[in-house]
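S.K.: Coordinates in my_file-v5.cif, mmCIF, C-alpha atoms, are listed below.
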data_structure
loop_
_atom_site.label_atom_id
_atom_site.label_comp_id
_atom_site.auth_asym_id
_atom_site.auth_seq_id
_atom_site.Cartn_x
_atom_site.Cartn_y
_atom_site.Cartn_z
CA MET A 1 21.61 26.69 52.63
CA ALA A 2 24.01 23.84 52.36
CA GLN A 3 26.78 22.11 54.17
CA LYS A 4 30.13 22.47 52.49
CA THR A 5 33.55 21.18 53.42
CA ILE A 6 36.18 23.87 52.99
CA ALA A 7 39.79 23.30 54.06
CA GLY A 8 38.68 20.20 55.93
CA VAL A 9 36.05 22.01 58.00
CA SER A 10 32.36 21.35 57.49
CA LEU A 11 30.57 24.71 57.18
CA GLU A 12 27.13 26.04 56.45
CA VAL A 13 26.99 28.31 53.44
CA ASN A 14 24.04 30.09 51.88
CA ASP A 15 22.89 29.71 48.26
CA GLU A 16 25.51 32.12 47.00
CA GLY A 17 28.39 30.55 48.89
CA TYR A 18 28.66 33.05 51.74
CA LEU A 19 29.45 31.64 55.20
CA ASN A 20 26.40 31.58 57.46
CA ASP A 21 28.58 31.91 60.55
CA PRO A 22 31.42 34.43 60.16
CA SER A 23 33.11 33.27 63.38
CA GLN A 24 33.95 29.92 61.76
CA TRP A 25 36.28 31.64 59.30
CA THR A 26 40.00 30.83 59.15
CA LYS A 27 42.76 31.85 56.79
CA GLU A 28 42.76 28.42 55.18
CA ILE A 29 39.06 28.71 54.44
CA ALA A 30 39.75 32.10 52.87
CA MET A 31 42.45 30.66 50.65
CA GLU A 32 40.24 27.86 49.45
CA ILE A 33 37.27 30.10 48.67
CA ALA A 34 39.70 32.41 46.88
CA MET A 35 40.97 29.50 44.78
CA GLU A 36 37.40 28.71 43.76
CA GLU A 37 37.10 32.33 42.65
CA GLY A 38 40.36 32.01 40.72
CA LEU A 39 42.42 34.14 43.09
CA GLU A 40 45.65 33.58 44.92
CA LEU A 41 45.79 35.58 48.12
CA THR A 42 48.75 37.81 48.90
CA GLU A 43 49.52 39.90 51.98
CA LYS A 44 47.66 42.84 50.50
CA HIS A 45 44.58 40.64 50.06
CA PHE A 46 44.76 39.58 53.69
CA ALA A 47 45.20 43.18 54.83
CA ILE A 48 41.92 44.03 53.14
CA ILE A 49 40.26 40.89 54.49
CA SER A 50 41.18 41.85 58.07
CA PHE A 51 39.95 45.38 57.44
CA LEU A 52 36.61 44.08 56.15
CA ARG A 53 36.18 41.62 59.03
CA GLU A 54 36.91 44.36 61.57
CA LYS A 55 34.43 46.70 59.96
CA PHE A 56 31.83 43.94 59.94
CA LYS A 57 32.43 43.17 63.62
CA SER A 58 32.03 46.82 64.56
CA GLY A 59 28.64 46.76 62.87
CA GLU A 60 29.40 49.64 60.52
CA MET A 61 27.94 49.67 57.03
CA LEU A 62 30.48 48.38 54.55
CA THR A 63 31.02 50.60 51.52
CA ILE A 64 33.60 50.49 48.77
CA ARG A 65 34.40 54.09 49.62
CA SER A 66 35.57 53.03 53.10
CA VAL A 67 37.90 50.47 51.53
CA GLY A 68 39.38 53.17 49.34
CA LYS A 69 39.93 55.37 52.39
CA SER A 70 41.34 52.55 54.55
CA GLY A 71 44.90 53.36 53.56
CA ILE A 72 45.58 49.81 52.40
CA VAL A 73 44.72 50.29 48.73
CA ASP A 74 43.01 52.89 46.61
CA ILE A 75 39.85 51.88 44.78
CA LYS A 76 41.68 51.06 41.56
CA GLY A 77 43.99 48.76 43.54
CA PHE A 78 40.96 47.12 45.15
CA TYR A 79 39.50 46.30 41.73
CA GLU A 80 42.87 44.88 40.70
CA LEU A 81 43.12 42.66 43.76
CA PHE A 82 39.55 41.35 43.53
CA PRO A 83 38.61 41.61 39.84
CA GLY A 84 35.02 41.82 38.66
CA ALA A 85 32.81 42.40 41.66
CA PRO A 86 35.33 43.30 44.39
CA MET A 87 33.03 43.94 47.35
CA LYS A 88 31.10 40.72 46.82
CA LYS A 89 34.24 38.67 46.17
CA ALA A 90 36.16 40.08 49.10
CA ALA A 91 33.20 39.59 51.44
CA LYS A 92 32.81 35.95 50.41
CA ILE A 93 36.51 35.27 50.92
CA SER A 94 36.44 37.11 54.26
CA GLY A 95 33.62 34.93 55.51
CA ILE A 96 31.28 37.88 56.09
CA PRO A 97 27.82 38.34 54.62
CA LYS A 98 27.28 39.98 51.24
CA PRO A 99 27.42 43.76 51.72
CA SER A 100 24.00 45.37 51.65
CA SER A 101 25.06 48.93 50.91
CA CYS A 102 24.41 50.52 47.53
CA VAL A 103 27.72 52.40 47.46
CA MET B 1 12.81 18.71 30.60
CA SER B 2 13.44 22.34 29.70
CA THR B 3 16.62 24.23 30.41
CA LYS B 4 16.34 27.83 31.52
CA GLU B 5 19.03 30.00 30.00
CA GLU B 6 20.40 32.84 32.05
CA PHE B 7 21.22 36.13 30.38
CA PRO B 8 23.11 38.20 32.94
CA LEU B 9 23.51 41.90 32.36
CA LYS B 10 26.83 42.54 30.62
CA LYS B 11 26.81 46.26 29.86
CA VAL B 12 24.82 49.30 30.90
CA CYS B 13 24.79 52.67 29.18
CA ILE B 14 23.31 55.27 31.50
CA ILE B 15 22.18 58.66 30.26
CA CYS B 16 21.94 61.68 32.55
CA ALA B 17 20.10 64.68 31.14
CA LYS B 18 19.20 66.63 34.28
CA GLY B 19 21.33 68.62 36.68
CA THR B 20 19.55 68.43 40.00
CA ILE B 21 21.18 66.60 42.91
CA GLU B 22 18.68 63.75 42.90
CA ASP B 23 18.93 63.13 39.16
CA VAL B 24 22.73 63.26 39.05
CA TYR B 25 23.15 61.06 42.10
CA ALA B 26 20.62 58.56 40.77
CA THR B 27 22.85 58.24 37.71
CA LEU B 28 26.06 57.99 39.71
CA VAL B 29 24.74 55.41 42.19
CA MET B 30 23.42 53.28 39.32
CA ALA B 31 26.71 53.61 37.45
CA ASN B 32 28.85 52.79 40.48
CA GLY B 33 26.51 49.93 41.39
CA ALA B 34 26.98 48.44 37.94
CA VAL B 35 30.77 48.84 38.09
CA MET B 36 30.78 47.16 41.52
CA GLU B 37 28.94 44.18 40.01
CA GLY B 38 31.53 43.79 37.29
CA ILE B 39 29.16 45.13 34.60
CA GLU B 40 30.75 47.19 31.81
CA THR B 41 29.46 50.72 32.41
CA LYS B 42 29.29 53.80 30.20
CA VAL B 43 27.71 57.04 31.39
CA PHE B 44 26.59 59.77 29.01
CA PHE B 45 25.94 63.27 30.33
CA THR B 46 23.85 65.63 28.25
CA PHE B 47 22.03 68.98 28.64
CA PHE B 48 21.84 69.95 32.28
CA GLY B 49 23.54 66.70 33.22
CA LEU B 50 26.74 68.32 31.94
CA ASP B 51 26.77 70.31 35.20
CA ALA B 52 27.73 67.12 36.97
CA ILE B 53 30.93 66.81 34.97
CA THR B 54 31.78 70.50 34.61
CA LYS B 55 34.54 71.50 37.01
CA LYS B 56 32.91 74.82 37.91
CA GLN B 57 29.43 73.43 38.53
CA MET B 58 29.85 70.01 40.06
CA LYS B 59 30.17 71.32 43.59
CA ASN B 60 27.14 73.58 43.27
CA LEU B 61 24.31 71.29 42.33
CA HIS B 62 20.96 72.07 43.87
CA THR B 63 17.60 70.42 44.23
CA ALA B 64 14.40 72.23 43.36
CA THR B 65 12.32 73.75 46.13
CA ILE B 66 9.78 75.27 43.75
CA GLY B 67 7.74 73.12 41.47
CA ASN B 68 8.94 69.96 43.23
CA PRO B 69 5.70 68.45 44.50
CA ALA B 70 7.53 65.50 46.07
CA MET B 71 9.52 67.79 48.37
CA ARG B 72 8.45 67.57 52.00
CA MET B 73 9.54 69.22 55.24
CA PRO B 74 11.57 67.05 57.61
CA GLY B 75 8.79 65.45 59.61
CA GLY B 76 6.57 64.81 56.62
CA LEU B 77 4.45 67.94 56.27
CA PRO B 78 4.10 69.37 52.77
CA PHE B 79 6.69 71.94 51.72
CA PRO B 80 4.98 75.31 51.10
CA THR B 81 5.79 76.78 47.70
CA LEU B 82 6.11 80.26 49.18
CA LEU B 83 8.80 78.95 51.54
CA GLY B 84 10.68 77.51 48.59
CA MET B 85 10.81 80.94 46.99
CA LEU B 86 12.59 82.67 49.84
CA PRO B 87 16.24 83.56 49.30
CA GLY B 88 18.59 80.92 50.64
CA VAL B 89 16.03 78.15 51.02
CA GLU B 90 17.07 76.29 47.89
CA ALA B 91 20.72 76.45 48.87
CA GLY B 92 19.88 75.37 52.43
CA VAL B 93 17.77 72.41 51.38
CA SER B 94 20.44 71.34 48.89
CA ALA B 95 23.12 71.52 51.56
CA MET B 96 20.93 69.43 53.87
CA MET B 97 20.49 66.80 51.17
CA LYS B 98 24.23 66.65 50.59
CA SER B 99 24.99 66.19 54.27
CA GLN B 100 22.40 63.38 54.52
CA MET B 101 24.17 61.63 51.68
CA GLU B 102 27.58 62.12 53.25
CA ALA B 103 26.21 60.47 56.41
CA LEU B 104 25.44 57.40 54.29
CA ASP B 105 29.00 57.47 52.91
CA ILE B 106 27.87 58.64 49.49
CA PRO B 107 30.80 60.65 48.13
CA PRO B 108 30.69 64.12 46.54
CA ILE B 109 30.55 64.10 42.77
CA ASP B 110 34.23 64.33 41.87
CA GLU B 111 35.09 61.50 44.25
CA PHE B 112 32.16 59.50 42.90
CA LEU B 113 33.38 59.93 39.32
CA ASP B 114 36.81 58.83 40.53
CA MET B 115 35.30 55.67 42.07
CA ILE B 116 33.38 54.86 38.89
CA THR B 117 36.37 55.29 36.59
CA ALA B 118 38.68 53.45 39.01
CA GLY B 119 36.47 50.42 38.57
CA GLY B 120 36.57 50.65 34.78
CA GLY B 121 33.49 52.78 34.09
CA GLU B 122 33.69 55.34 31.29
CA ILE B 123 32.26 58.85 31.35
CA PHE B 124 31.22 60.74 28.21
CA ALA B 125 29.84 64.17 27.41
CA CYS B 126 27.31 64.99 24.72
CA LYS B 127 28.75 67.06 21.88
CA LEU B 128 25.46 68.76 21.07
CA ALA B 129 24.94 69.90 24.64
CA MET B 130 28.54 71.05 24.89
CA ASP B 131 28.08 73.21 21.79
CA MET B 132 24.82 74.56 23.17
CA PHE B 133 26.33 75.55 26.50
CA LYS B 134 29.55 76.68 24.84
CA LEU B 135 31.73 74.33 26.85
CA LYS B 136 35.13 72.93 25.93
CA LYS B 137 36.71 69.65 27.01
CA GLU B 138 39.03 71.59 29.37
CA ASP B 139 35.96 72.75 31.31
CA LEU B 140 35.08 69.16 32.08
CA SER B 141 36.33 66.88 34.83
CA GLU B 142 39.51 64.91 34.04
CA HIS B 143 37.49 61.71 34.46
CA VAL B 144 35.56 62.38 31.25
CA LYS B 145 36.89 60.04 28.59
CA ASP B 146 35.56 61.72 25.48
CA VAL B 147 32.95 63.98 23.90
CA LEU B 148 30.57 61.96 21.72
CA THR B 149 27.77 62.53 19.25
CA VAL B 150 24.57 60.58 19.80
CA GLY B 151 25.48 58.21 16.95
CA GLU B 152 28.84 57.44 18.52
CA PHE B 153 27.08 56.79 21.81
CA TYR B 154 24.69 54.31 20.22
CA GLY B 155 27.71 52.67 18.64
CA LEU B 156 29.00 51.94 22.13
CA ALA B 157 25.67 50.56 23.26
CA GLY B 158 25.67 47.43 21.14
CA GLY B 159 26.14 43.84 22.17
CA GLN B 160 24.01 41.20 23.82
CA GLY B 161 23.10 41.76 27.42
CA THR B 162 23.27 45.55 27.10
CA GLN B 163 20.74 47.94 28.57
CA ILE B 164 20.36 51.66 28.02
CA ILE B 165 19.02 53.48 31.06
CA PHE B 166 17.71 57.05 30.98
CA THR B 167 17.70 58.68 34.40
#
I need this file expressed as structure tokens, please.
M.R.:
Amino acid sequence: MAQKTIAGVSLEVNDEGYLNDPSQWTKEIAMEIAMEEGLELTEKHFAIISFLREKFKSGEMLTIRSVGKSGIVDIKGFYELFPGAPMKKAAKISGIPKPSSCV
Amino acid sequence: MSTKEEFPLKKVCIICAKGTIEDVYATLVMANGAVMEGIETKVFFTFFGLDAITKKQMKNLHTATIGNPAMRMPGGLPFPTLLGMLPGVEAGVSAMMKSQMEALDIPPIDEFLDMITAGGGEIFACKLAMDMFKLKKEDLSEHVKDVLTVGEFYGLAGGQGTQIIFT
């Protein structure tokens, strides 16, 4: 747990860099976290980020399958947008906790 | 002062040799989990595991209701062997298992293979088992990259930070 200043706002993040309070998230914070991860966000990225935040707010379990079925991207596209570990990366940038599903 | 070096997992090679629902899905969840972590993933299907990548069989996998001592009735009572022998019980229990998995958003096998390969995972079939079951590459799912011998498979399993997992 640490205090971190992102985009001029002082936030609490956990040891892995995920926001402790998802409601503090803004687009600027997303862009800065994305830069730290080596990503530049485009509209498609933000479409996925809104999808993930909505799913998180509704309390549903977040799976990579649901992202593939969201209609925004297919799974291959998702891996291209957020290379490496897409669910973890996208969650961090979206200001939501690390997904706890195994799928 | 000592420095602790980290050796993160870089590659996993997962072998699937059995064709029951639980064994195939264990392999697929582990493979997809690795792909989702950015780990290079190779999956090798052999013997009855080939059913999971054979177009005709992949929708018909079952779980054992006879000789499966871990099987229990919903509610926790032991599953009587005589019940497991009755016609239709194996199919019914297998269908129940599949619907439980669907409720957790675990996809059916062809979609699962699609998810794994979309993330960069590679699927292989065992040449020896293919010869034994008289299968050809056309009988296999389009997601299968190649048919390999065991030596070729070991050749892919090299490198630091690699683990071979037998499910």
S.K.: Any idea which chain B residues end up within 7 Å of chain A if we count only C-alpha atoms, as a VMD selection string please?
M.R.: chain B and resid 29 33 36 to 38 106 115 118 to 119
S.K.: Can you translate the PyMOL selection byres ((chain A and resi 30) around 12) into the concrete residues it hits in this file, as a ChimeraX atom specification?
M.R.: /A:6-7,9,18-19,22,24-29,31-37,39-42,45-46,49-50,53,89-96
S.K.: What's the separation between CA of Leu28 (chain B) and CA of Ile116 (chain B), in Å to one decimal place?
M.R.: 8.0 Å
S.K.: Could you list the residues chosen by the PyMOL selection byres ((chain B and resi 11) around 12) in this structure as a ChimeraX atom specification?
M.R.: /B:7-10,12-14,31,34-35,37-43,120-122,156-165
S.K.: Please determine, counting all atoms listed in the file, which residue among B:Ile21, B:Gly67, B:Thr81, B:Asp51 has the shortest atom-to-atom distance to Ser99 (chain B).
M.R.: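 Selected residue with least distance to Ser99 (chain B): B:Ile21.
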S.K.: So what do you get for CA of Ser100 (chain A) versus CA of Ala26 (chain B), distance-wise?
M.R.: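 Between CA of Ser100 (chain A) and CA of Ala26 (chain B) the gap works out to 17.4 Å.
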S.K.: Could you list, as an mmCIF file with C-alpha atoms, in the coordinates of the input, every residue matched by the PyMOL selection byres ((chain A and resi 2) around 8) in this structure?
M.R.:
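Contents of part.cif, as written:
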data_model
loop_
_atom_site.group_PDB
_atom_site.id
_atom_site.type_symbol
_atom_site.label_atom_id
_atom_site.label_comp_id
_atom_site.auth_asym_id
_atom_site.auth_seq_id
_atom_site.Cartn_x
_atom_site.Cartn_y
_atom_site.Cartn_z
ATOM 1 C CA MET A 1 21.610 26.690 52.630
ATOM 2 C CA GLN A 3 26.780 22.110 54.170
ATOM 3 C CA LYS A 4 30.130 22.470 52.490
ATOM 4 C CA GLU A 12 27.130 26.040 56.450
ATOM 5 C CA VAL A 13 26.990 28.310 53.440
ATOM 6 C CA ASN A 14 24.040 30.090 51.880
ATOM 7 C CA ASP A 15 22.890 29.710 48.260
#
S.K.: Using Å and a single decimal, report how far CA of Ala70 (chain B) sits from CA of Thr167 (chain B).
M.R.: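 About the pair CA of Thr167 (chain B) and CA of Ala70 (chain B): they are 16.9 Å apart.
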S.K.: Which one is closest to Gly17 (chain A): A:Val67, A:Thr5, A:Leu81, A:Lys55? Count all atoms listed in the file.
M.R.: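 Once distances to Gly17 (chain A) are computed over all atoms listed in the file, the minimum belongs to A:Thr5.
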S.K.: Which is closest to Thr20 (chain B) among B:Phe124, B:Phe133, B:Phe48, B:Phe166, if we use all atoms listed in the file?
M.R.: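 Of the candidates, the smallest distance to Thr20 (chain B) is held by B:Phe48.
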